[in-house]
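Have a look at entry_35.cif below; it lists mmCIF, C-alpha atoms.
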data_start
loop_
_atom_site.label_atom_id
_atom_site.label_comp_id
_atom_site.auth_asym_id
_atom_site.auth_seq_id
_atom_site.Cartn_x
_atom_site.Cartn_y
_atom_site.Cartn_z
CA MET A 1 0.00 0.00 0.00
CA THR A 2 1.37 3.41 -0.97
CA GLU A 3 1.94 5.80 1.89
CA ILE A 4 -0.29 8.86 1.81
CA LEU A 5 1.68 12.02 2.27
CA SER A 6 0.84 14.59 4.90
CA SER A 7 0.52 17.91 3.13
CA TYR A 8 -1.48 21.10 2.93
CA VAL A 9 -2.09 24.04 0.64
CA LYS A 10 -3.57 27.50 1.19
CA ILE A 11 -4.91 29.74 -1.55
CA SER A 12 -6.41 33.21 -1.29
CA TYR A 13 -8.35 34.38 -4.30
CA SER A 14 -10.81 36.92 -5.61
CA PRO A 15 -14.30 35.53 -6.00
CA ARG A 16 -14.26 34.95 -9.76
CA TRP A 17 -15.88 31.98 -11.40
CA ALA A 18 -12.88 31.40 -13.68
CA TYR A 19 -10.63 30.73 -10.67
CA VAL A 20 -12.84 27.87 -9.50
CA GLN A 21 -11.84 25.71 -12.46
CA ASN A 22 -8.16 26.57 -11.97
CA ILE A 23 -8.19 25.64 -8.29
CA ARG A 24 -10.28 22.54 -8.96
CA ASP A 25 -7.68 21.24 -11.45
CA PHE A 26 -4.90 22.11 -9.01
CA VAL A 27 -6.67 20.24 -6.19
CA LYS A 28 -6.98 17.09 -8.28
CA ASN A 29 -3.28 17.15 -9.15
CA PHE A 30 -2.32 17.94 -5.56
CA CYS A 31 -4.27 14.91 -4.32
CA MET A 32 -2.74 12.61 -6.93
CA ASN A 33 0.75 13.86 -6.05
CA SER A 34 0.03 13.11 -2.40
CA GLN A 35 -0.63 9.47 -3.34
CA LEU A 36 -4.42 9.58 -2.95
CA SER A 37 -6.29 7.25 -5.29
CA ASP A 38 -7.87 8.50 -8.48
CA SER A 39 -11.34 7.91 -7.06
CA ILE A 40 -10.67 9.81 -3.81
CA SER A 41 -8.90 12.59 -5.72
CA ASP A 42 -12.02 12.99 -7.87
CA LYS A 43 -14.20 13.17 -4.76
CA ILE A 44 -11.97 15.79 -3.16
CA MET A 45 -12.07 17.75 -6.43
CA ILE A 46 -15.88 17.75 -6.33
CA VAL A 47 -15.93 18.93 -2.70
CA ALA A 48 -13.47 21.72 -3.44
CA SER A 49 -15.37 22.79 -6.53
CA GLU A 50 -18.76 22.94 -4.81
CA LEU A 51 -17.41 24.88 -1.83
CA LEU A 52 -15.46 27.28 -4.05
CA GLU A 53 -18.50 27.89 -6.25
CA ASN A 54 -20.61 28.67 -3.19
CA ALA A 55 -17.99 31.10 -1.92
CA VAL A 56 -17.87 32.86 -5.29
CA LYS A 57 -21.67 33.10 -5.50
CA TYR A 58 -22.19 34.49 -2.02
CA SER A 59 -19.06 36.54 -1.32
CA CYS A 60 -19.59 40.22 -0.70
CA ARG A 61 -15.87 41.11 -0.52
CA GLU A 62 -12.79 40.51 -2.65
CA ASP A 63 -11.33 37.86 -0.41
CA VAL A 64 -11.91 34.11 -0.31
CA SER A 65 -9.57 31.71 1.50
CA PHE A 66 -9.20 28.06 0.66
CA ARG A 67 -7.21 25.59 2.72
CA MET A 68 -6.83 21.88 2.17
CA GLU A 69 -4.94 19.47 4.39
CA ILE A 70 -4.32 15.78 3.92
CA VAL A 71 -4.12 14.12 7.34
CA PRO A 72 -2.86 10.52 7.14
CA GLN A 73 -3.28 10.01 10.92
CA THR A 74 -7.06 10.51 10.76
CA ARG A 75 -7.32 9.14 7.19
CA SER A 76 -9.07 12.28 6.09
CA VAL A 77 -8.79 15.39 3.97
CA ASN A 78 -9.95 18.62 5.57
CA ILE A 79 -11.04 21.47 3.35
CA SER A 80 -11.99 24.85 4.71
CA VAL A 81 -13.30 27.80 2.74
CA SER A 82 -13.79 31.26 4.29
CA ASN A 83 -15.47 34.29 2.82
CA TYR A 84 -17.45 37.37 3.75
CA SER A 85 -21.15 37.16 3.06
CA GLU A 86 -24.31 39.18 3.62
CA GLU A 87 -26.33 38.27 6.70
CA LYS A 88 -29.34 37.01 4.73
CA ASN A 89 -27.08 34.51 2.95
CA THR A 90 -25.35 33.27 6.11
CA GLY A 91 -28.79 32.52 7.58
CA ILE A 92 -29.79 30.51 4.51
CA LEU A 93 -26.44 28.70 4.57
CA LYS A 94 -26.96 27.55 8.16
CA GLN A 95 -30.50 26.47 7.41
CA GLU A 96 -29.35 24.47 4.36
CA LEU A 97 -26.63 22.68 6.30
CA ASP A 98 -29.01 21.85 9.15
CA GLN A 99 -31.43 20.36 6.61
CA VAL A 100 -28.72 18.33 4.89
CA ASN A 101 -27.41 17.02 8.21
CA SER A 102 -30.86 16.11 9.51
CA LEU A 103 -31.32 13.20 7.08
CA PRO A 104 -29.24 10.25 5.86
CA PRO A 105 -27.01 11.39 2.95
CA GLN A 106 -28.90 9.68 0.12
CA GLU A 107 -32.31 10.76 1.38
CA ALA A 108 -31.14 14.35 1.84
CA TYR A 109 -29.66 14.49 -1.66
CA LEU A 110 -32.70 12.98 -3.40
CA LYS A 111 -34.99 15.33 -1.50
CA ASN A 112 -32.83 18.29 -2.50
CA LEU A 113 -32.71 17.23 -6.16
CA ALA A 114 -36.52 17.14 -6.27
CA ARG A 115 -36.74 20.46 -4.43
CA VAL A 116 -34.39 22.41 -6.72
CA ALA A 117 -36.06 21.01 -9.81
CA GLN A 118 -39.41 22.32 -8.59
CA ASN A 119 -37.94 25.70 -7.80
CA PRO A 120 -35.59 26.98 -10.51
CA GLU A 121 -34.60 29.98 -8.40
CA VAL A 122 -32.99 27.75 -5.79
CA SER A 123 -29.70 25.97 -6.36
CA ARG A 124 -27.63 24.97 -3.33
CA LEU A 125 -27.34 21.33 -4.22
CA GLY A 126 -23.68 21.37 -3.30
CA PHE A 127 -23.78 20.40 0.37
CA SER A 128 -26.11 17.47 -0.11
CA ARG A 129 -24.11 16.34 -3.13
CA ILE A 130 -20.87 16.47 -1.13
CA ARG A 131 -22.32 14.51 1.76
CA TYR A 132 -23.89 11.90 -0.52
CA GLU A 133 -20.80 11.40 -2.67
CA THR A 134 -18.12 11.55 0.04
CA ASN A 135 -19.77 10.91 3.41
CA ALA A 136 -18.14 14.10 4.64
CA ASP A 137 -18.85 15.95 7.88
CA PHE A 138 -19.42 19.70 7.89
CA ASP A 139 -18.59 22.30 10.48
CA LEU A 140 -19.86 25.85 10.03
CA SER A 141 -18.73 28.95 11.89
CA ILE A 142 -20.23 32.41 11.38
CA GLU A 143 -18.77 35.51 12.97
CA LYS A 144 -20.82 38.50 11.88
CA ASP A 145 -20.36 38.45 8.10
CA PHE A 146 -17.35 36.11 8.06
CA VAL A 147 -18.22 32.52 7.20
CA THR A 148 -15.97 29.48 7.43
CA ILE A 149 -17.10 26.08 6.34
CA VAL A 150 -14.93 23.08 7.15
CA CYS A 151 -15.47 19.80 5.43
CA LYS A 152 -13.82 16.60 6.67
CA ILE A 153 -13.72 13.89 4.03
CA PRO A 154 -12.79 10.31 4.89
CA ILE A 155 -10.25 8.88 2.44
CA ASP A 156 -10.91 5.20 3.00
CA GLU A 157 -13.35 3.95 0.42
CA ALA A 158 -16.22 1.76 1.52
CA MET B 159 -29.33 20.35 -32.35
CA GLU B 160 -26.10 21.61 -30.83
CA LEU B 161 -25.18 23.60 -27.78
CA ASN B 162 -21.72 25.14 -28.03
CA GLU B 163 -20.43 26.79 -24.88
CA GLU B 164 -16.90 27.88 -24.07
CA ARG B 165 -16.07 24.81 -21.99
CA PHE B 166 -18.57 22.22 -23.14
CA GLN B 167 -20.61 21.08 -26.05
CA VAL B 168 -23.78 19.02 -26.38
CA LYS B 169 -24.64 17.46 -29.74
CA CYS B 170 -27.96 15.82 -30.48
CA HIS B 171 -29.01 13.79 -33.45
CA PHE B 172 -32.57 12.49 -33.86
CA THR B 173 -33.18 9.15 -35.51
CA GLN B 174 -36.56 7.56 -36.10
CA ASP B 175 -37.18 6.40 -32.52
CA ASN B 176 -34.30 7.85 -30.57
CA ALA B 177 -32.34 10.95 -29.76
CA GLU B 178 -28.59 10.42 -29.58
CA LEU B 179 -26.77 12.97 -27.47
CA GLU B 180 -23.07 13.45 -26.89
CA PHE B 181 -21.71 15.55 -24.01
CA ILE B 182 -18.16 16.84 -24.40
CA GLY B 183 -15.93 18.85 -22.04
CA LYS B 184 -16.52 20.34 -18.60
CA ILE B 185 -19.98 21.46 -17.57
CA ASP B 186 -19.14 23.96 -14.85
CA THR B 187 -21.35 26.82 -15.87
CA PRO B 188 -22.60 29.34 -13.31
CA ASN B 189 -25.70 30.04 -15.43
CA PRO B 190 -27.43 26.87 -16.65
CA ASP B 191 -30.65 28.86 -17.08
CA LYS B 192 -29.02 30.63 -20.04
CA SER B 193 -27.62 27.57 -21.77
CA LEU B 194 -28.48 24.07 -20.62
CA ASP B 195 -32.05 24.67 -19.41
CA PRO B 196 -33.34 26.15 -22.70
CA TYR B 197 -31.44 23.49 -24.64
CA PHE B 198 -33.06 20.65 -22.69
CA LEU B 199 -36.47 22.30 -23.04
CA ALA B 200 -36.13 22.52 -26.83
CA LEU B 201 -34.85 18.95 -26.92
CA HIS B 202 -37.77 17.72 -24.81
CA ASN B 203 -40.32 19.49 -27.00
CA LYS B 204 -38.84 17.95 -30.13
CA ALA B 205 -38.72 14.54 -28.44
CA LEU B 206 -42.45 14.82 -27.72
CA THR B 207 -43.22 15.95 -31.27
CA ASP B 208 -41.14 13.14 -32.77
CA LYS B 209 -42.54 10.62 -30.27
CA ILE B 210 -39.14 9.14 -29.50
CA HIS B 211 -38.68 6.10 -27.23
CA ASN B 212 -35.21 6.73 -25.88
CA ALA B 213 -32.68 9.51 -25.45
CA VAL B 214 -29.24 7.95 -25.35
CA CYS B 215 -26.73 10.29 -23.69
CA ASN B 216 -23.09 9.51 -24.30
CA LEU B 217 -21.13 10.92 -21.35
CA GLU B 218 -17.82 9.29 -22.24
CA LYS B 219 -16.20 12.63 -23.04
CA LEU B 220 -17.82 14.53 -20.18
CA GLU B 221 -14.91 15.48 -17.92
CA PHE B 222 -16.77 17.32 -15.18
CA LEU B 223 -20.32 18.18 -14.11
CA ASN B 224 -21.09 20.70 -11.39
CA SER B 225 -24.29 20.79 -9.37
CA ASN B 226 -25.75 23.46 -11.69
CA GLY B 227 -25.40 20.99 -14.54
CA ILE B 228 -26.91 18.21 -12.45
CA LYS B 229 -29.83 20.47 -11.69
CA SER B 230 -30.47 21.04 -15.41
CA ILE B 231 -30.42 17.31 -16.14
CA VAL B 232 -32.77 16.68 -13.20
CA ASN B 233 -35.15 19.34 -14.54
CA TRP B 234 -35.19 17.57 -17.89
CA ILE B 235 -35.82 14.16 -16.30
CA LEU B 236 -38.67 15.57 -14.21
CA LYS B 237 -40.22 17.10 -17.34
CA ILE B 238 -40.27 13.63 -18.90
CA LYS B 239 -41.68 12.19 -15.69
CA SER B 240 -44.49 14.73 -15.64
CA SER B 241 -45.47 13.99 -19.25
CA SER B 242 -48.31 11.55 -19.91
CA LYS B 243 -47.38 7.85 -19.92
CA GLU B 244 -47.77 7.70 -23.70
CA GLN B 245 -45.37 10.60 -24.20
CA GLN B 246 -42.69 9.48 -21.76
CA TYR B 247 -39.37 8.27 -23.12
CA LYS B 248 -36.37 6.63 -21.49
CA VAL B 249 -33.05 8.35 -20.83
CA THR B 250 -30.01 6.08 -21.11
CA LEU B 251 -26.82 7.55 -19.65
CA VAL B 252 -23.67 5.91 -21.00
CA THR B 253 -20.85 6.61 -18.55
CA ASN B 254 -17.08 6.40 -18.72
CA GLN B 255 -15.66 4.25 -15.93
CA GLN B 256 -12.32 6.05 -16.22
CA TYR B 257 -13.96 9.18 -14.83
CA THR B 258 -14.57 7.82 -11.35
CA TRP B 259 -16.72 10.80 -10.34
CA GLN B 260 -19.34 9.68 -12.85
CA ARG B 261 -20.13 6.56 -10.79
CA SER B 262 -21.75 8.41 -7.92
CA SER B 263 -22.70 11.66 -9.66
CA ILE B 264 -24.55 9.97 -12.50
CA ASN B 265 -25.87 6.85 -10.75
CA VAL B 266 -27.96 8.95 -8.39
CA LEU B 267 -30.04 10.13 -11.35
CA SER B 268 -31.38 6.62 -11.82
CA LEU B 269 -32.41 6.54 -8.15
CA MET B 270 -34.48 9.66 -8.74
CA ALA B 271 -36.49 8.22 -11.59
CA PRO B 272 -35.72 4.51 -12.04
CA GLU B 273 -38.64 4.08 -14.45
CA ILE B 274 -37.07 6.62 -16.83
CA VAL B 275 -33.29 6.69 -16.30
CA ILE B 276 -30.96 3.82 -17.10
CA VAL B 277 -27.23 4.15 -16.35
CA LYS B 278 -24.74 2.07 -18.31
#
Hey, can you dump this file as structure tokens for me?
Amino acid sequence: MTEILSSYVKISYSPRWAYVQNIRDFVKNFCMNSQLSDSISDKIMIVASELLENAVKYSCREDVSFRMEIVPQTRSVNISVSNYSEEKNTGILKQELDQVNSLPPQEAYLKNLARVAQNPEVSRLGFSRIRYETNADFDLSIEKDFVTIVCKIPIDEA
Amino acid sequence: MELNEERFQVKCHFTQDNAELEFIGKIDTPNPDKSLDPYFLALHNKALTDKIHNAVCNLEKLEFLNSNGIKSIVNWILKIKSSSKEQQYKVTLVTNQQYTWQRSSINVLSLMAPEIVIVK
């Protein structure tokens, strides 16, 4: 079995959609270089992409921080994304996460897919997708208008 | 019918009973309502007019799909589901096993509407 390397990366960026694809591609390569499997690297790439997209959509200032750490001891990858956001959006964010966490991952995702299809104005599929596809845990902290979401993704495949 | 965006392309060819679609590139659009949604709506309307039985979607060259793209596909599937039984057609999604993300991201679509979606 190949040893997974302990490593981390931090990126600060302006909330532009074009940067999401750049960072997503970087994340995939970073994971592969750290000896994570192709399948896990793809999952981490999806998590990063969904969180980065959310940050771009809801940022109200020119500053988004992304941090990813591979932790061999806990067999996990931790991704945190911080950004400034308007109060109405932080409230919705908390509500969405509570909803996603209140149900088993598959049930939450299927319910969300049906919900967004009925309401074209709503998107926010990302959290339920992440939880369904990776079995990740979320931790949310909100200090006034500063939001940090931490996602802990297990790297051992079922 | 073709949809040509900067980072992805969808091609569709209608045969007598089927629609054959090919998805190419990375669907990571922020605005599916301006590209994918109207495309799928036009496709669905033509599928109803032509009374097709199956829409075969080749995803072998689809490198990435964000949740906005998933939402558009789900909207399309639910439109089929809400059509009358006589008008409904199947959607067959042909995946590429080399893109490991497709396993979970695409398979879930068949859980949503197993009577309509088949994943290969």
Q.
Calculated over all atoms listed in the file, which of the candidates A:Val100, A:Val64, A:Leu140, A:Ala48 has the smallest distance to chain B?
A.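 Of all the options, A:Ala48 lies closest to chain B.
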(Q) Please expand the PyMOL selection byres ((chain B) within 10 of (chain A)) into the concrete residues it hits in this file, giving the result as a ChimeraX atom specification. (A) /B:184,186-188,191,195,222-226,228-237,256-263,266-267,269-270
Q: Kindly give the distance, in Å, that separates CA of Val277 (chain B) and CA of Gly227 (chain B), rounded to a single decimal.
A: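 Rounded to one decimal, the two atoms are 17.0 Å apart.
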Q) Suppose you want the space between CA of Lys152 (chain A) and CA of Asp137 (chain A); what is it in Å? A) 5.2 Å
Q.
Could you list, as a list in words, every residue within 9 Å of Asp63 (chain A), counting all atoms listed in the file and ignoring same-chain residues fewer than 2 positions away?
A. Ser12, Tyr13, Ser14, Pro15, Ser59, Cys60, Arg61, Ser65, Ser82, Asn83 and Tyr84 of chain A
Q. Can you tell me how far CA of Pro272 (chain B) sits from CA of Asn189 (chain B), in Å to one decimal?
A.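 Rounded to one decimal, the two atoms are 27.6 Å apart.
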Q. Quick one: of A:Asn89, A:Glu107, A:Asn101, A:Leu36, who's nearest to Asp145 (chain A), counting only C-alpha atoms?
A.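 Going through A:Asn89, A:Glu107, A:Asn101, A:Leu36 one by one, the smallest distance to Asp145 (chain A) is for A:Asn89.
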(Q) Residues within 10 Å of Gln246 (chain B), please, as a PyMOL selection string. Count only C-alpha atoms; anything in the same chain fewer than 5 positions from it doesn't count. (A) chain B and resi 205-206+209-212+235+237-241+273-274
Q: Using the chain letters and numbers from the file, give me the residues hit by the PyMOL selection byres ((chain A and resi 154) around 10), as a list in words.
A: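 Checked against the file, the PyMOL selection byres ((chain A and resi 154) around 10) matches Ile40, Ile44, Val71, Thr74, Arg75, Ser76, Val77, Asn78, Thr134, Asn135, Ala136, Asp137, Cys151, Lys152, Ile153, Ile155, Asp156, Glu157 and Ala158 of chain A.
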Q: Would you kindly return, as a list in words, each protein, DNA or RNA residue with an atom no farther than 6 Å from any atom of Ser80 (chain A), considering all atoms listed in the file and excluding same-chain residues fewer than 2 positions away?
A: Phe66, Arg67, Ile149 and Val150 of chain A
**Q.** Explicit residues for the PyMOL selection byres ((chain B and resi 201) around 12) (as JSON, numbers by chain)
**A.** {"B": [159, 160, 161, 168, 169, 170, 171, 172, 176, 177, 178, 179, 194, 195, 196, 197, 198, 199, 200, 202, 203, 204, 205, 206, 207, 208, 209, 210, 213, 231, 234, 235, 237, 238]}
